[in-house]
Amino acid sequence: MKPKSNPSLRLNRRDFLKIAGLTGGASILAACGTKVVTTPETQVPIPTQPPAKIPLSFWTPGGSDVYCKGFGTIAANYMKDNPNIELGETKCNPTGENYTEVLLANIAAGTPPDATIVWTSPVTYAVRGAVIPLDDFMKTSKYSQTEAWPKGVLASCLYRGKAYGLPVTAGTYALFYNEEMFEKAGLSSKREDFPKTWDDLRRISKEFTKWDGDLLKVAGFIPMGGPSDFYGMAVEFPIWSHTNGGRVFDNENMKYTINSEQNLQLMHYALEWWDEEYHGDLIKVNTSANWAGYADAKGRPPAFQEGVYAVFNSGFWLCSDMYAAELKFERWNVAPYPVGPGGKETASGYWPNWLVIPKASPHPKEAFDYLDYMSAVGVRTWFDNIPDLPTNANVPNTLVPSLVVKNRNQEFAANVTDFFRHQLDVATPMWNSPVEDFYLDKLSLALEQILSKKATPEDALGEVQRACQEELDKVLKG
Amino acid sequence: MASIRTPWSKISPLHRQEAWTGILFTLPWIISLITLMIYPILDTVYLSFTEYSVVEEPKWVGLDNYKEIFLNDASFKPAVSNSLYYALLSVPIGLVLSLALAMLLNMRAAGIGIYRTLFYLPSLVPPVAATITFLVMFEPRGGLINLFIRMFGISAPSWFDDPVWAKPGLIIMSLWGIGYLTLVFLAGLQDVPTTLLEAAEMDGANAWQKFRHVTLPMMSNVILFNLVMNVIWSFQVFTQALVIGGTNGSPLESTLMVMVLIYRNAFRYFKMGYASALAFLMFIVIMIITALIFRSSDAWVHTD
């Protein structure tokens, strides 16, 4: 006979559900609980010996597998020389989402990396207190004193006289041109014969441009770089402005000069050229081909690499990236930006990778030492994987992109790399506004409105000037 | 049984115990609701009156954010009109098409289960992947859609290169995900009593009359549900607009939606307070529209 169970020990369904609900609620509350604040009496005694190794974390906003893995090599080499440092695996954009969002969330949560690369100007982070100044570290560093950086490029890290980042690499800008197309058109393909003024460039551009009904089959040079990427056009706007004697932003006085006389002249010149050679029709030009330097989201290959775009402005990175798409010709070269009617000198620009140390970084001094190493030593490994142009004076000038060596030859690769290095000498100040992203968004919309004839240069640039100055004043006041 | 008006002291111990059991059982959900929904909403309302960059403490600025939205932000009006345009077109088109599809899937045909699965599958595809695929299909010169249109001798639009056609392109793209609405409609259709349809048929009603006077009224509750959900989702369109137009809503802000504007201000411009104000305004607008729909439902939703 089965023994009778003790009724007082039985758990009925109702009791079980009550306990389950209580336990679940208690678990959720516990998970949401606040940090325990220890009083001095309850604090764990400080150990008398320092920890054996200092853990450092380093993040990047993303990149290819090759790029990301390269940092593993840099970290391993650094740890060999610095056995007291333990560098974790470099996190290449930890969640794959927008990196500013990720970084800000971690800074706000108190879990930032020790150091990180950013692709947005450090000044925008600095004005909001998201990153720390590096001047004191730079003074006593091995490689990163102020003099070791090109002045124009370091300016992109300065806010109120303090440096908030290190511009470890800075791909400079130039005009890429298809030597074979030039020769076929009966033009000299030598760099020294490349057009020196806007008028000269406009004149030779006509030699190439061909329409077939509504289809733009071949383009010479599309003013200001082509309408497939207005954001890129906005980034490069300071370069064109400088070649016409203008500026866009006065960092010392924190004043925008977007709708200056020189910039309005620049836009009217571009618009006239656009109307004359490209029918003034943005939609037709955009649907004819992809005028940017990379395959677009629609899967169209870039026009320059397809051999239907004679002159195109881009940065040093394109020297290698151009071989990512099938290159339909062999010989290309680079030349400086021509000078506008209001200008006296050529200019260039740059787009850096910046190294910064976020606010609340657990080990800022050790993190800076790593960044210092990366700027002069680690960047050579970086360059082997992805040829971003190092800017630190302690990096030898002998580095050349291997893909260019492979596809052309060592001499050409050295020549082109040297050219881009010297473009740093004529680089116009860029990336130095506390509201850089706001300004770039507004300007890219304005450029699109101007080229689509939805607004005059006066109205469009005037609105950008008003909005950006107001936004800047508000941020500085805060 | 204890009613809601019975004072607690007058409720019998057994019923009190039952009430406590219910509360305890739902306690995890109540805590999640408070911490993950109600608290963030209240916090958003508070932040909308502050200047907050995430990195620093919020600073009270009163109504400044709201004044900026209505008086100073040149992108606010385009974002609102784009969102309204999108909602006004995508909702009715989506409802009509999903109802039509549900009626087809309600047929007793061989392999109908496979068709039901196939039509629902697109709802499961990640939105970014789907949007990029559609970008390729909508490519003006060589994309499948324009190649098909040109077969009929019609001049094909430039879709996402043309500010006039970018939103219609987005709306067409949204129809890709009507599988969920179709499923809900299908469930509703299967609840329509066949006796009513048979009775109508015996009275001489044709297919359209049966649909108009029997099916639609019996489905009106389900239509209300789908209408409300679809309106809310249409105002929340984000991924597709961001992938196609970026944070600027290219071309010419034609794909700039309110959600993208919120995202841009929060995570590109570090203006979390301003973004919270935009989000709260959107919450109010959607709430008003939903309330109006419910108000109107007295006139057209059939109740037994």
# chains A, B, ... in the order shown; residues from 1 in each chain; ligands from 1

$ residues_around --residues "Ala100 in chain B" --least-positions-apart "3" --cutoff "12 Å" --atoms "only C-alpha atoms" --output "PyMOL selection string"
chain B and resi 93-97+103-107+178-179+181-183+185-186+189+211+216

$ closest_atom_pairs --of "chain B" --to "chain A" --cutoff "6 Å" --atoms "only C-alpha atoms" --output "Markdown table"
| residue | atom | partner | partner_atom | distance |
| --- | --- | --- | --- | --- |
| B:Thr21 | CA | A:Lys18 | CA | 5.4 |
| B:Leu24 | CA | A:Gly21 | CA | 4.8 |
| B:Phe25 | CA | A:Gly21 | CA | 4.3 |
| B:Leu27 | CA | A:Gly25 | CA | 5.4 |
| B:Pro28 | CA | A:Gly25 | CA | 4.5 |
| B:Val54 | CA | A:Ala108 | CA | 6.0 |
| B:Val55 | CA | A:Ala108 | CA | 5.3 |
| B:Leu135 | CA | A:Lys298 | CA | 5.4 |
| B:Val136 | CA | A:Lys298 | CA | 4.3 |
| B:Asp161 | CA | A:Ile283 | CA | 6.0 |
| B:Phe267 | CA | A:Glu101 | CA | 5.4 |

$ write_last_selection --atoms "N, CA and C atoms" --output "compact mmCIF listing (two decimals), in the first residue's frame"
# COMPACT_ATOMS: atom_id res chain seq x y z
N THR B 21 -2.48 36.30 -5.32
CA THR B 21 -1.84 35.32 -6.22
C THR B 21 -1.72 35.89 -7.61
N LEU B 24 0.97 38.61 -7.64
CA LEU B 24 2.32 38.03 -7.58
C LEU B 24 2.71 37.37 -8.90
N PHE B 25 1.74 36.73 -9.52
CA PHE B 25 2.02 36.06 -10.80
C PHE B 25 2.37 37.08 -11.88
N LEU B 27 3.63 40.01 -11.24
CA LEU B 27 4.65 40.95 -10.73
C LEU B 27 5.85 41.13 -11.67
N PRO B 28 6.45 40.07 -12.21
CA PRO B 28 7.59 40.29 -13.13
C PRO B 28 7.21 41.18 -14.30
N VAL B 54 24.32 63.41 -23.11
CA VAL B 54 24.59 62.03 -22.66
C VAL B 54 25.83 61.98 -21.77
N VAL B 55 26.88 62.70 -22.18
CA VAL B 55 28.13 62.63 -21.43
C VAL B 55 28.08 63.49 -20.18
N LEU B 135 17.11 48.40 -53.12
CA LEU B 135 17.87 49.47 -53.76
C LEU B 135 18.41 48.99 -55.10
N VAL B 136 18.91 47.79 -55.11
CA VAL B 136 19.44 47.22 -56.36
C VAL B 136 18.30 47.03 -57.37
N ASP B 161 16.77 58.35 -56.79
CA ASP B 161 17.58 59.49 -57.23
C ASP B 161 16.73 60.73 -57.42
N PHE B 267 22.15 61.10 -31.84
CA PHE B 267 23.42 60.37 -31.91
C PHE B 267 24.44 60.96 -32.85

$ closest_residue --among "B:Ile114, B:Pro193, B:Arg141, B:Thr26" --to "Asn290 in chain A" --atoms "only C-alpha atoms"
B:Arg141

$ residues_around --residues "Phe412 in chain A" --least-positions-apart "3" --cutoff "12 Å" --atoms "only C-alpha atoms" --output "PDB file with N, CA and C atoms, in the first residue's frame"
ATOM      1  N   CYS A 319      44.363  55.211 -53.588  1.00  0.00           N
ATOM      2  CA  CYS A 319      45.490  54.600 -54.318  1.00  0.00           C
ATOM      3  C   CYS A 319      45.422  53.076 -54.243  1.00  0.00           C
ATOM      4  N   ARG A 331      47.022  52.975 -66.307  1.00  0.00           N
ATOM      5  CA  ARG A 331      47.817  54.116 -65.834  1.00  0.00           C
ATOM      6  C   ARG A 331      46.946  55.268 -65.353  1.00  0.00           C
ATOM      7  N   TRP A 332      47.195  55.667 -64.134  1.00  0.00           N
ATOM      8  CA  TRP A 332      46.533  56.825 -63.535  1.00  0.00           C
ATOM      9  C   TRP A 332      47.598  57.635 -62.817  1.00  0.00           C
ATOM     10  N   ASN A 333      47.248  58.852 -62.470  1.00  0.00           N
ATOM     11  CA  ASN A 333      48.200  59.681 -61.737  1.00  0.00           C
ATOM     12  C   ASN A 333      47.422  60.654 -60.858  1.00  0.00           C
ATOM     13  N   VAL A 334      48.168  61.495 -60.130  1.00  0.00           N
ATOM     14  CA  VAL A 334      47.508  62.447 -59.238  1.00  0.00           C
ATOM     15  C   VAL A 334      48.106  63.825 -59.475  1.00  0.00           C
ATOM     16  N   VAL A 400      55.249  52.657 -48.585  1.00  0.00           N
ATOM     17  CA  VAL A 400      54.453  52.824 -49.812  1.00  0.00           C
ATOM     18  C   VAL A 400      53.378  51.744 -49.854  1.00  0.00           C
ATOM     19  N   PRO A 401      52.225  52.033 -50.499  1.00  0.00           N
ATOM     20  CA  PRO A 401      51.143  51.030 -50.535  1.00  0.00           C
ATOM     21  C   PRO A 401      51.543  49.843 -51.413  1.00  0.00           C
ATOM     22  N   SER A 402      51.416  48.675 -50.858  1.00  0.00           N
ATOM     23  CA  SER A 402      51.888  47.466 -51.572  1.00  0.00           C
ATOM     24  C   SER A 402      51.063  47.192 -52.819  1.00  0.00           C
ATOM     25  N   LEU A 403      49.752  47.531 -52.789  1.00  0.00           N
ATOM     26  CA  LEU A 403      48.913  47.271 -53.965  1.00  0.00           C
ATOM     27  C   LEU A 403      49.349  48.122 -55.155  1.00  0.00           C
ATOM     28  N   VAL A 404      49.810  49.336 -54.875  1.00  0.00           N
ATOM     29  CA  VAL A 404      50.268  50.203 -55.963  1.00  0.00           C
ATOM     30  C   VAL A 404      51.587  49.657 -56.515  1.00  0.00           C
ATOM     31  N   VAL A 405      52.443  49.176 -55.630  1.00  0.00           N
ATOM     32  CA  VAL A 405      53.695  48.551 -56.076  1.00  0.00           C
ATOM     33  C   VAL A 405      53.378  47.364 -56.960  1.00  0.00           C
ATOM     34  N   LYS A 406      52.427  46.574 -56.528  1.00  0.00           N
ATOM     35  CA  LYS A 406      52.078  45.338 -57.262  1.00  0.00           C
ATOM     36  C   LYS A 406      51.491  45.666 -58.635  1.00  0.00           C
ATOM     37  N   ASN A 407      50.593  46.666 -58.683  1.00  0.00           N
ATOM     38  CA  ASN A 407      49.885  46.943 -59.935  1.00  0.00           C
ATOM     39  C   ASN A 407      50.610  47.921 -60.861  1.00  0.00           C
ATOM     40  N   ARG A 408      51.469  48.746 -60.262  1.00  0.00           N
ATOM     41  CA  ARG A 408      52.268  49.646 -61.102  1.00  0.00           C
ATOM     42  C   ARG A 408      53.734  49.285 -60.898  1.00  0.00           C
ATOM     43  N   ASN A 409      54.435  50.015 -60.073  1.00  0.00           N
ATOM     44  CA  ASN A 409      55.809  49.654 -59.736  1.00  0.00           C
ATOM     45  C   ASN A 409      56.246  50.456 -58.520  1.00  0.00           C
ATOM     46  N   ASN A 415      56.619  57.692 -55.647  1.00  0.00           N
ATOM     47  CA  ASN A 415      56.355  59.039 -56.150  1.00  0.00           C
ATOM     48  C   ASN A 415      54.989  59.551 -55.704  1.00  0.00           C
ATOM     49  N   VAL A 416      53.991  58.684 -55.843  1.00  0.00           N
ATOM     50  CA  VAL A 416      52.626  59.083 -55.486  1.00  0.00           C
ATOM     51  C   VAL A 416      52.500  59.289 -53.973  1.00  0.00           C
ATOM     52  N   THR A 417      53.129  58.418 -53.206  1.00  0.00           N
ATOM     53  CA  THR A 417      53.043  58.531 -51.740  1.00  0.00           C
ATOM     54  C   THR A 417      53.731  59.814 -51.287  1.00  0.00           C
ATOM     55  N   ASP A 418      54.850  60.105 -51.899  1.00  0.00           N
ATOM     56  CA  ASP A 418      55.574  61.324 -51.565  1.00  0.00           C
ATOM     57  C   ASP A 418      54.729  62.558 -51.899  1.00  0.00           C
ATOM     58  N   PHE A 419      54.044  62.506 -53.033  1.00  0.00           N
ATOM     59  CA  PHE A 419      53.167  63.608 -53.436  1.00  0.00           C
ATOM     60  C   PHE A 419      52.099  63.840 -52.370  1.00  0.00           C
TER      61      PHE A 419
END

$ residues_around --residues "Asn65 in chain B" --least-positions-apart "4" --cutoff "7 Å" --atoms "only C-alpha atoms" --output "list in words"
Ser48, Phe49, Ile69, Tyr274 and Ala277 of chain B

$ closest_residue --among "B:Leu147, B:Ala187, B:Met272, B:Ile41" --to "Ile284 in chain B" --atoms "only C-alpha atoms"
B:Ile41

$ select_by_dssp --residues "range 139-290 of chain B" --states "alpha helix (DSSP H)" --output "PyMOL selection string"
chain B and resi 144-150+163-174+179-189+194-202+207-210+216-235+239-245+258-267+272-290

$ atom_distance --atom1 "CA of Val379 in chain A" --atom2 "CA of Ile117 in chain A"
12.5 Å

$ closest_residue --among "A:Ser188, A:Met322, A:Leu264, A:Pro133" --to "Pro301 in chain A" --atoms "only C-alpha atoms"
A:Met322

$ residues_around --residues "range 191-196 of chain A" --least-positions-apart "3" --cutoff "8 Å" --atoms "only C-alpha atoms" --output "ChimeraX atom specification"
/A:188,200-201,333-339

$ residues_around --residues "Met254 in chain A" --least-positions-apart "5" --cutoff "8 Å" --atoms "only C-alpha atoms" --output "list in words"
Phe249, Ser433 and Leu472 of chain A

$ residues_around --residues "Trp60 in chain B" --least-positions-apart "3" --cutoff "10 Å" --atoms "only C-alpha atoms" --output "list in words"
Tyr46, Leu47, Ser48, Phe49, Thr50, Glu51, Tyr52, Glu57, Leu63, Asp64 and Gly273 of chain B

$ write_last_selection --atoms "C-alpha atoms" --output "CSV table (one decimal), in the first residue's frame"
chain,number,residue,atom,x,y,z
B,46,TYR,CA,11.8,65.1,-18.4
B,47,LEU,CA,14.8,65.1,-20.8
B,48,SER,CA,12.7,67.0,-23.4
B,49,PHE,CA,12.9,70.0,-21.1
B,50,THR,CA,16.7,69.8,-20.8
B,51,GLU,CA,19.9,70.1,-22.7
B,52,TYR,CA,21.5,66.8,-22.5
B,57,GLU,CA,24.4,66.0,-16.7
B,63,LEU,CA,10.5,75.0,-23.4
B,64,ASP,CA,13.6,75.9,-25.4
B,273,GLY,CA,17.2,66.6,-24.9

$ atom_distance --atom1 "CA of Leu266 in chain A" --atom2 "CA of Thr209 in chain A"
21.3 Å

$ atom_distance --atom1 "CA of Ala156 in chain B" --atom2 "CA of Gly293 in chain A"
26.6 Å

$ select_by_dssp --residues "range 8-69 of chain B" --states "strand (DSSP E)" --output "PyMOL selection string"
chain B and resi 50-51+59-60
